[in-house]
>>> print(open('final-v4.txt').read())   # compact mmCIF, C-alpha atoms
# COMPACT_ATOMS: atom_id res chain seq x y z
CA MET A 1 -45.08 95.65 82.26
CA ASP A 2 -46.52 93.65 85.10
CA GLN A 3 -48.80 94.47 87.95
CA GLN A 4 -49.03 92.62 91.23
CA PRO A 5 -52.31 90.71 91.49
CA GLY A 6 -54.99 92.89 93.03
CA ARG A 7 -57.74 91.93 95.42
CA PRO A 8 -60.13 89.26 94.17
CA ILE A 9 -63.34 90.49 92.61
CA GLY A 10 -65.23 87.93 94.66
CA GLU A 11 -68.06 86.90 92.38
CA ASP A 12 -68.93 83.28 91.84
CA PRO A 13 -67.75 82.45 88.29
CA GLY A 14 -70.70 81.95 85.99
CA GLU A 15 -73.12 83.94 88.13
CA PRO A 16 -74.24 87.42 87.03
CA GLU A 17 -73.21 90.21 89.35
CA GLN A 18 -75.74 92.91 88.59
CA GLN A 19 -76.63 93.29 92.25
CA ALA A 20 -73.11 94.54 92.99
CA LEU A 21 -74.01 97.83 91.30
CA PHE A 22 -77.49 98.22 92.74
CA GLY A 23 -78.26 100.35 95.77
CA TRP A 24 -75.25 102.65 95.57
CA PRO A 25 -75.64 104.96 98.56
CA ASP A 26 -73.69 107.68 96.79
CA ALA A 27 -74.30 107.06 93.09
CA SER A 28 -74.11 110.78 92.35
CA PRO A 29 -70.95 112.53 93.52
CA ASP A 30 -71.10 115.70 95.55
CA PRO A 31 -71.53 118.48 92.94
CA ALA A 32 -69.19 120.67 94.97
CA SER A 33 -66.39 118.13 94.63
CA PRO A 34 -63.96 118.49 91.69
CA ARG A 35 -63.28 114.78 91.67
CA ALA A 36 -64.30 113.04 88.47
CA PHE A 37 -66.79 110.20 88.71
CA ARG A 38 -64.44 107.98 86.71
CA ASP A 39 -62.01 108.10 89.68
CA SER A 40 -64.68 107.03 92.16
CA PRO A 41 -65.05 103.66 93.90
CA GLN A 42 -68.30 103.13 91.98
CA ALA A 43 -66.52 103.47 88.64
CA ARG A 44 -63.77 101.10 89.74
CA ARG A 45 -66.39 98.51 90.58
CA MET A 46 -67.49 98.70 86.96
CA LEU A 47 -64.01 98.67 85.46
CA ASP A 48 -60.89 97.55 87.32
CA VAL A 49 -58.44 96.90 84.49
CA ARG A 50 -55.74 94.34 85.29
CA GLU A 51 -54.75 93.34 81.74
CA VAL A 52 -54.46 95.16 78.42
CA TYR A 53 -54.17 93.64 74.94
CA ALA A 54 -52.98 96.27 72.50
CA GLU A 55 -51.78 96.84 68.98
CA ARG A 56 -48.42 98.59 68.87
CA ALA A 57 -49.84 101.52 66.88
CA ALA A 58 -52.54 101.97 69.53
CA LEU A 59 -49.98 102.06 72.33
CA ASP A 60 -47.89 104.62 70.46
CA SER A 61 -50.80 106.97 69.77
CA PRO A 62 -51.57 109.99 71.99
CA ARG A 63 -54.87 108.46 73.06
CA GLY A 64 -53.24 105.14 73.82
CA GLN A 65 -50.63 106.89 75.95
CA GLN A 66 -53.38 108.78 77.77
CA ILE A 67 -55.16 105.53 78.57
CA MET A 68 -52.03 103.72 79.73
CA ALA A 69 -51.06 106.67 81.93
CA ARG A 70 -54.24 105.96 83.88
CA LEU A 71 -53.26 102.29 84.23
CA PRO A 72 -49.76 102.31 85.75
CA GLY A 73 -48.24 98.88 86.15
CA VAL A 74 -51.00 97.02 84.33
CA ARG A 75 -49.80 94.04 82.32
CA VAL A 76 -49.75 94.69 78.55
CA THR A 77 -49.76 92.00 75.88
CA GLU A 78 -48.99 93.26 72.39
CA VAL A 79 -51.16 91.76 69.63
CA ASP A 80 -51.22 92.03 65.85
CA SER A 81 -54.96 92.66 65.67
CA HIS A 82 -57.61 93.65 68.18
CA TRP A 83 -59.96 91.23 66.40
CA ARG A 84 -57.68 88.19 66.61
CA ILE A 85 -56.70 87.41 70.20
CA PRO A 86 -56.93 83.61 70.58
CA SER A 87 -56.44 83.61 74.35
CA LEU A 88 -59.37 86.03 74.67
CA HIS A 89 -61.90 85.60 71.87
CA GLY A 90 -60.97 82.02 70.98
CA ASN A 91 -60.85 80.57 74.49
CA ASP A 92 -64.11 78.88 75.43
CA GLY A 93 -62.93 78.79 79.06
CA ASN A 94 -63.62 82.52 79.19
CA VAL A 95 -67.38 81.94 79.12
CA ALA A 96 -67.37 81.05 82.81
CA ARG A 97 -65.43 84.31 83.40
CA TRP A 98 -67.69 86.43 81.19
CA VAL A 99 -68.18 89.23 83.73
CA ARG A 100 -64.69 89.05 85.21
CA VAL A 101 -63.13 89.50 81.77
CA LYS A 102 -65.32 92.54 81.15
CA THR A 103 -64.22 94.01 84.47
CA GLU A 104 -60.51 93.34 84.26
CA THR A 105 -59.57 93.28 80.56
CA LEU A 106 -59.19 96.12 78.07
CA VAL A 107 -58.25 95.95 74.38
CA LEU A 108 -56.69 98.87 72.49
CA GLY A 109 -56.73 98.97 68.72
CA VAL A 110 -56.72 101.19 65.66
CA LYS A 111 -59.88 101.43 63.57
CA HIS A 112 -58.58 101.01 60.04
CA THR A 113 -61.86 101.10 58.12
CA LEU A 114 -63.55 104.45 58.58
CA ALA A 115 -66.96 104.29 56.96
CA THR A 116 -70.27 105.98 57.67
CA ARG A 117 -73.25 103.78 56.80
CA PRO A 118 -76.79 104.92 56.04
CA ASN A 119 -79.37 103.82 58.60
CA GLY A 120 -82.66 105.72 58.43
CA ARG A 121 -84.12 104.02 61.49
CA SER A 122 -82.76 105.27 64.80
CA ALA A 123 -80.34 107.64 63.07
CA ASP A 124 -79.69 108.90 59.57
CA TRP A 125 -76.16 107.53 59.67
CA ILE A 126 -74.04 105.10 61.66
CA ALA A 127 -70.68 106.75 62.29
CA PRO A 128 -67.46 104.79 62.79
CA GLY A 129 -67.65 104.11 66.51
CA PRO A 130 -64.86 104.80 69.00
CA SER A 131 -65.25 101.39 70.66
CA ASN A 132 -66.49 97.84 70.35
CA GLY A 133 -67.69 95.84 73.34
CA CYS A 134 -68.64 96.92 76.83
CA ALA A 135 -67.91 96.48 80.52
CA MET A 136 -71.60 95.91 81.14
CA ALA A 137 -73.03 92.47 80.42
CA CYS A 138 -76.52 92.79 78.98
CA VAL A 139 -77.43 89.22 78.13
CA TYR A 140 -79.13 90.03 74.81
CA CYS A 141 -76.35 92.28 73.43
CA TYR A 142 -75.62 91.61 69.76
CA VAL A 143 -71.97 92.74 69.82
CA PRO A 144 -70.50 89.48 71.26
CA ARG A 145 -71.99 87.42 68.47
CA ARG A 146 -68.92 88.08 66.35
CA LYS A 147 -66.36 87.77 69.14
CA GLY A 148 -66.78 84.30 70.55
CA PHE A 149 -66.13 83.71 74.21
CA ALA A 150 -65.22 87.13 75.61
CA ASN A 151 -66.43 90.66 74.94
CA PRO A 152 -64.55 93.31 76.94
CA ILE A 153 -64.21 96.89 75.76
CA THR A 154 -62.04 97.50 72.71
CA LEU A 155 -61.16 101.19 72.48
CA PHE A 156 -59.99 102.68 69.20
CA THR A 157 -57.21 105.15 69.81
CA ASN A 158 -57.17 106.93 66.43
CA ILE A 159 -59.96 109.23 67.56
CA GLU A 160 -58.59 112.16 65.56
CA ALA A 161 -59.11 110.21 62.33
CA ILE A 162 -62.63 109.19 63.40
CA VAL A 163 -63.60 112.78 64.19
CA ALA A 164 -62.08 114.08 60.94
CA HIS A 165 -63.97 111.46 58.93
CA VAL A 166 -67.28 112.42 60.57
CA ARG A 167 -66.66 116.13 59.98
CA ARG A 168 -66.02 115.51 56.28
CA HIS A 169 -69.17 113.41 56.00
CA VAL A 170 -71.32 116.05 57.70
CA ARG A 171 -69.97 118.79 55.44
CA ALA A 172 -70.71 116.66 52.37
CA GLN A 173 -74.39 116.31 53.33
CA GLY A 174 -75.13 120.01 53.54
CA PRO A 175 -78.26 121.09 55.42
CA LYS A 176 -81.08 118.63 55.99
CA THR A 177 -83.95 119.85 53.84
CA GLU A 178 -86.70 117.34 54.70
CA PRO A 179 -87.71 116.14 58.17
CA ASN A 180 -87.80 112.42 58.88
CA GLN A 181 -88.28 110.10 61.84
CA CYS A 182 -84.65 110.58 62.89
CA ASP A 183 -84.89 114.34 63.32
CA PRO A 184 -86.81 117.21 61.72
CA SER A 185 -83.80 119.40 60.91
CA ALA A 186 -80.44 117.75 61.75
CA TRP A 187 -78.58 114.80 60.31
CA VAL A 188 -78.33 112.30 63.17
CA TYR A 189 -75.16 110.21 63.55
CA ASP A 190 -75.13 107.24 65.91
CA ILE A 191 -71.67 107.30 67.52
CA GLY A 192 -72.10 104.29 69.82
CA GLU A 193 -73.46 101.44 67.74
CA ASN A 194 -71.16 98.76 69.17
CA GLY A 195 -70.44 100.08 72.66
CA ASP A 196 -71.71 102.37 75.39
CA CYS A 197 -70.23 105.87 75.22
CA SER A 198 -71.02 106.53 78.90
CA VAL A 199 -68.85 103.59 79.97
CA ASP A 200 -66.10 104.44 77.47
CA ALA A 201 -65.84 107.83 79.18
CA LEU A 202 -64.63 106.08 82.34
CA ILE A 203 -61.40 105.26 80.50
CA CYS A 204 -60.57 108.05 78.08
CA ASP A 205 -61.80 111.15 76.26
CA ASN A 206 -63.12 109.51 73.07
CA THR A 207 -66.73 110.32 73.99
CA ALA A 208 -65.81 113.86 75.03
CA ASP A 209 -63.99 114.44 71.74
CA LEU A 210 -67.00 113.36 69.67
CA ILE A 211 -69.42 115.46 71.71
CA ALA A 212 -67.11 118.47 71.32
CA ALA A 213 -66.91 117.92 67.56
CA PHE A 214 -70.68 117.82 67.10
CA ARG A 215 -71.02 120.93 69.25
CA GLY A 216 -69.62 122.83 66.27
CA MET A 217 -71.75 121.15 63.58
CA PRO A 218 -75.01 123.12 63.16
CA THR A 219 -76.44 120.68 60.58
CA ALA A 220 -75.86 117.46 62.56
CA LYS A 221 -76.14 115.90 65.97
CA ALA A 222 -74.60 112.87 67.65
CA SER A 223 -76.71 110.15 69.21
CA PHE A 224 -75.96 107.23 71.49
CA ALA A 225 -77.93 104.82 73.64
CA THR A 226 -76.80 104.10 77.18
CA LYS A 227 -77.69 102.02 80.21
CA PHE A 228 -75.08 103.62 82.46
CA VAL A 229 -75.37 106.97 84.22
CA ASN A 230 -71.98 108.68 84.14
CA PRO A 231 -72.16 112.13 85.80
CA ASP A 232 -68.90 113.17 84.11
CA LEU A 233 -70.87 113.60 80.87
CA LEU A 234 -72.80 116.48 82.43
CA ALA A 235 -69.72 118.70 82.13
CA LEU A 236 -69.16 118.20 78.38
CA ASP A 237 -71.34 121.11 77.17
CA PRO A 238 -73.05 119.48 74.15
CA ARG A 239 -75.20 122.58 73.41
CA GLY A 240 -78.08 120.52 72.06
CA ARG A 241 -75.98 118.72 69.46
CA THR A 242 -75.92 115.30 71.20
CA ARG A 243 -78.93 113.08 71.82
CA VAL A 244 -78.70 110.67 74.75
CA ARG A 245 -81.11 107.74 74.55
CA PHE A 246 -81.60 106.16 77.96
CA SER A 247 -82.58 102.52 77.47
CA VAL A 248 -85.30 101.43 79.88
CA MET A 249 -87.23 98.24 80.61
CA PRO A 250 -89.29 96.89 83.52
CA ALA A 251 -87.28 96.40 86.69
CA ALA A 252 -87.96 92.65 86.73
CA ASP A 253 -86.41 92.30 83.26
CA ALA A 254 -83.48 94.56 84.12
CA ARG A 255 -82.58 92.57 87.22
CA LEU A 256 -82.36 89.43 85.11
CA LEU A 257 -81.01 90.75 81.81
CA ASP A 258 -79.28 94.13 82.25
CA ILE A 259 -76.26 92.88 84.14
CA ARG A 260 -73.93 95.53 85.67
CA THR A 261 -75.98 98.46 84.40
CA SER A 262 -77.29 101.46 86.32
CA PRO A 263 -80.73 100.70 87.80
CA VAL A 264 -83.56 101.69 85.47
CA ALA A 265 -84.91 104.15 88.03
CA THR A 266 -81.49 105.83 88.14
CA ARG A 267 -81.43 106.19 84.34
CA ILE A 268 -84.88 107.79 84.40
CA ALA A 269 -83.94 110.09 87.27
CA ALA A 270 -80.89 111.30 85.31
CA ALA A 271 -82.95 112.52 82.35
CA ALA A 272 -83.60 116.01 83.72
CA ASP A 273 -79.96 116.50 84.70
CA PHE A 274 -78.80 115.59 81.19
CA LEU A 275 -81.40 117.83 79.58
CA ASP A 276 -80.32 120.74 81.79
CA ALA A 277 -76.70 120.05 80.86
CA GLY A 278 -77.49 120.61 77.18
CA TYR A 279 -78.33 117.16 75.86
CA GLU A 280 -81.42 116.14 73.97
CA VAL A 281 -82.90 113.25 75.97
CA HIS A 282 -84.86 110.40 74.42
CA PHE A 283 -85.73 106.91 75.65
CA ASN A 284 -85.25 103.46 74.17
CA LEU A 285 -87.95 101.04 75.26
CA SER A 286 -85.54 98.21 74.66
CA PRO A 287 -85.57 95.36 74.38
CA VAL A 288 -89.19 94.37 74.79
CA VAL A 289 -89.08 90.79 76.09
CA LEU A 290 -92.30 88.81 75.94
CA ARG A 291 -92.94 86.70 79.04
CA PRO A 292 -95.80 86.25 81.52
CA GLY A 293 -96.75 89.61 83.01
CA TRP A 294 -94.88 91.74 80.48
CA GLN A 295 -97.83 94.04 79.76
CA ARG A 296 -98.46 94.69 83.45
CA ASP A 297 -94.80 95.49 84.10
CA TRP A 298 -94.46 97.78 81.07
CA ALA A 299 -97.59 99.64 82.20
CA GLU A 300 -95.98 100.12 85.60
CA LEU A 301 -92.76 101.42 84.01
CA LEU A 302 -94.62 103.88 81.77
CA THR A 303 -96.65 105.10 84.74
CA HIS A 304 -93.38 105.67 86.61
CA LEU A 305 -92.02 107.71 83.69
CA ASP A 306 -95.17 109.82 83.71
CA ASP A 307 -95.03 110.32 87.47
CA VAL A 308 -91.39 111.32 87.90
CA LEU A 309 -90.28 113.12 84.73
CA PRO A 310 -90.65 116.91 84.79
CA ALA A 311 -92.58 118.69 82.06
CA ARG A 312 -89.44 120.00 80.35
CA VAL A 313 -88.23 116.43 79.75
CA LYS A 314 -91.60 115.25 78.47
CA GLU A 315 -91.94 118.16 76.05
CA GLN A 316 -88.84 117.16 74.06
CA ALA A 317 -88.82 113.40 74.62
CA ALA A 318 -89.34 110.71 72.02
CA ALA A 319 -88.95 106.96 72.12
CA GLU A 320 -87.74 104.01 70.14
CA ILE A 321 -89.41 100.64 70.66
CA ILE A 322 -87.14 97.70 69.95
CA MET A 323 -88.40 94.15 70.26
CA LEU A 324 -85.94 91.48 71.35
CA THR A 325 -83.59 90.05 68.75
CA HIS A 326 -81.57 87.00 69.74
CA ASN A 327 -79.03 84.66 68.18
CA ARG A 328 -78.29 80.96 68.55
CA SER A 329 -74.54 81.35 69.10
CA LEU A 330 -75.14 83.98 71.79
CA HIS A 331 -77.74 81.66 73.33
CA GLU A 332 -75.07 78.97 73.62
CA VAL A 333 -72.59 81.40 75.21
CA ASN A 334 -75.20 82.63 77.71
CA LEU A 335 -75.96 79.07 78.79
CA GLY A 336 -72.38 78.94 80.04
CA TRP A 337 -72.61 81.92 82.39
CA HIS A 338 -76.25 82.96 82.89
CA PRO A 339 -78.62 80.15 81.87
CA ARG A 340 -81.58 81.56 83.82
CA ALA A 341 -81.77 84.51 81.42
CA GLU A 342 -82.20 82.15 78.49
CA GLU A 343 -85.43 80.87 80.00
CA VAL A 344 -87.07 84.12 78.88
CA LEU A 345 -84.86 85.06 75.92
CA TRP A 346 -84.94 81.74 74.06
CA GLN A 347 -88.55 80.97 73.12
CA PRO A 348 -88.51 78.84 69.93
CA ALA A 349 -92.30 78.48 69.88
CA ALA A 350 -92.69 82.25 69.53
CA GLN A 351 -89.59 83.05 67.46
CA GLU A 352 -88.42 82.65 63.90
CA SER A 353 -85.14 83.08 62.07
CA LYS A 354 -84.56 86.25 60.11
CA ARG A 355 -81.63 87.75 58.22
CA SER A 356 -80.72 91.09 59.81
CA GLN A 357 -79.77 94.27 57.97
CA ASN A 358 -76.08 93.52 58.61
CA GLY A 359 -76.37 90.03 57.12
CA ALA A 360 -76.44 88.07 60.39
CA LEU A 361 -78.93 85.25 60.86
CA ASN A 362 -80.80 86.03 64.05
CA VAL A 363 -83.92 84.97 65.92
CA ARG A 364 -86.87 87.32 66.40
CA TYR A 365 -90.46 87.02 67.46
CA SER A 366 -92.66 85.77 64.65
CA ARG A 367 -94.25 88.46 62.51
CA GLU A 368 -97.76 88.01 63.91
CA ILE A 369 -96.62 87.96 67.54
CA LYS A 370 -94.38 90.97 67.00
CA GLU A 371 -97.13 93.03 65.34
CA GLN A 372 -99.61 92.21 68.08
CA SER A 373 -97.11 93.00 70.83
CA LEU A 374 -96.06 96.32 69.28
CA ALA A 375 -99.70 97.34 68.99
CA ARG A 376 -100.30 96.44 72.62
CA LEU A 377 -97.25 98.37 73.83
CA GLN A 378 -98.27 101.42 71.81
CA GLY A 379 -101.69 101.14 73.44
CA LEU A 380 -100.02 101.13 76.86
CA LEU A 381 -98.14 104.27 75.88
CA GLU A 382 -101.39 106.01 74.94
CA ASP A 383 -102.90 105.02 78.28
CA HIS A 384 -99.98 105.76 80.61
CA ALA A 385 -97.52 108.12 78.84
CA PRO A 386 -99.38 109.79 75.95
CA TRP A 387 -96.75 112.55 75.78
CA LEU A 388 -94.04 110.04 74.74
CA ARG A 389 -93.93 110.20 70.95
CA VAL A 390 -92.80 106.98 69.26
CA ARG A 391 -90.11 107.94 66.78
CA TYR A 392 -89.21 104.44 65.66
CA ALA A 393 -90.52 100.93 66.33
CA PHE A 394 -88.77 97.75 65.28
>>> encode(input="final-v4.txt", output="structure tokens")
Amino acid sequence: MDQQPGRPIGEDPGEPEQQALFGWPDASPDPASPRAFRDSPQARRMLDVREVYAERAALDSPRGQQIMARLPGVRVTEVDSHWRIPSLHGNDGNVARWVRVKTETLVLGVKHTLATRPNGRSADWIAPGPSNGCAMACVYCYVPRRKGFANPITLFTNIEAIVAHVRRHVRAQGPKTEPNQCDPSAWVYDIGENGDCSVDALICDNTADLIAAFRGMPTAKASFATKFVNPDLLALDPRGRTRVRFSVMPAADARLLDIRTSPVATRIAAAADFLDAGYEVHFNLSPVVLRPGWQRDWAELLTHLDDVLPARVKEQAAAEIIMLTHNRSLHEVNLGWHPRAEEVLWQPAAQESKRSQNGALNVRYSREIKEQSLARLQGLLEDHAPWLRVRYAF
């Protein structure tokens, strides 16, 4: 199945292309129009699939057929495993095409290991996610650390099995009897640990299926963080059973580090719409990157939140604070496509190695610097957005 080469994307290989998604004159579609956002020119600028790598079982599944029906004529390469694609993950030449690969390549696989892990930090549980990887290119993202030289979206097509597993797990927990930092009354399941559910929804109904499933679970709620405003999610009727966590950071950091994401101001402006559509809306202050002027810029961001968010958003909002975590192998990859970002991310004098919860050896700010910085940021919250309760800081 071959497709004629399309128009060139036009970016300079190795240069980030965040600016291509900034300043959309029509970022929100006309509400009177029935056209889905995922069919819009804006969505195609995010994801213009030209090549699919797929496991045979994924192609044969109903979800795989749904996805391929939206991609007529696209070239398909069958693979034995979505994890082992030498021409993609093992090809160091892909580093210079980091963003192009994310734009043009899609991987379809079957998630064979369905396991729900305890968390207790952001969520009570980490559910088996419907995807791995992303079309956005946030420079600090931890997901590529296991993939090598390319990190496009991998969608798992056995969504029915994922939903059934989560339903069984929720039933086994029974009602939540003691409140905790995750939620006072519901078991919270993170459904987007390794991807962005808002971007996944541009391609298929995996996100919609999970939101619909949690709609009928009175003892649980779904949760996912996002940096992409997808208006199609407003029509999914979550009925309070899905928490959207909009990740925000100062604009200066976002322009450098949050490549291909929705502008931070756009994410903040979407909060009321998502709340009115039935979502619980929280914020991730993430990641906090320490560099000259960081306190001033975070104060400005928090003041903006206070100025523009309506009272109904503030009354139910809570925040997570997540300090930057980095990784040497990711640092080396980033040097190949966006070295300027590493000038602020890679700070050996202020960082130390630490074994993460998942066993990976990563780099974080030293304990003393981290504690001082968290205290300062919490002080800025008290001064500029005292209504924003901190649910979790890490």
>>> residues_around(input="final-v4.txt", residues="A:Pro287", least_positions_apart="2", cutoff="7 Å", atoms="only C-alpha atoms", output="ChimeraX atom specification")
/A:285,289,322-324
>>> closest_residue(input="final-v4.txt", among="A:Val139, A:Glu193, A:Val188, A:Val264", to="A:Thr325", atoms="only C-alpha atoms")
A:Val139
>>> atom_distance(input="final-v4.txt", atom1="atom CA of A:Ile159", atom2="atom CA of A:Ala225")
19.5 Å
>>> closest_residue(input="final-v4.txt", among="A:Leu155, A:Val229, A:Ala350, A:Leu59", to="A:Asp205", atoms="only C-alpha atoms")
A:Leu155
>>> residues_around(input="final-v4.txt", residues="A:Asn327", least_positions_apart="2", cutoff="7 Å", atoms="only C-alpha atoms", output="count of residues only")
5
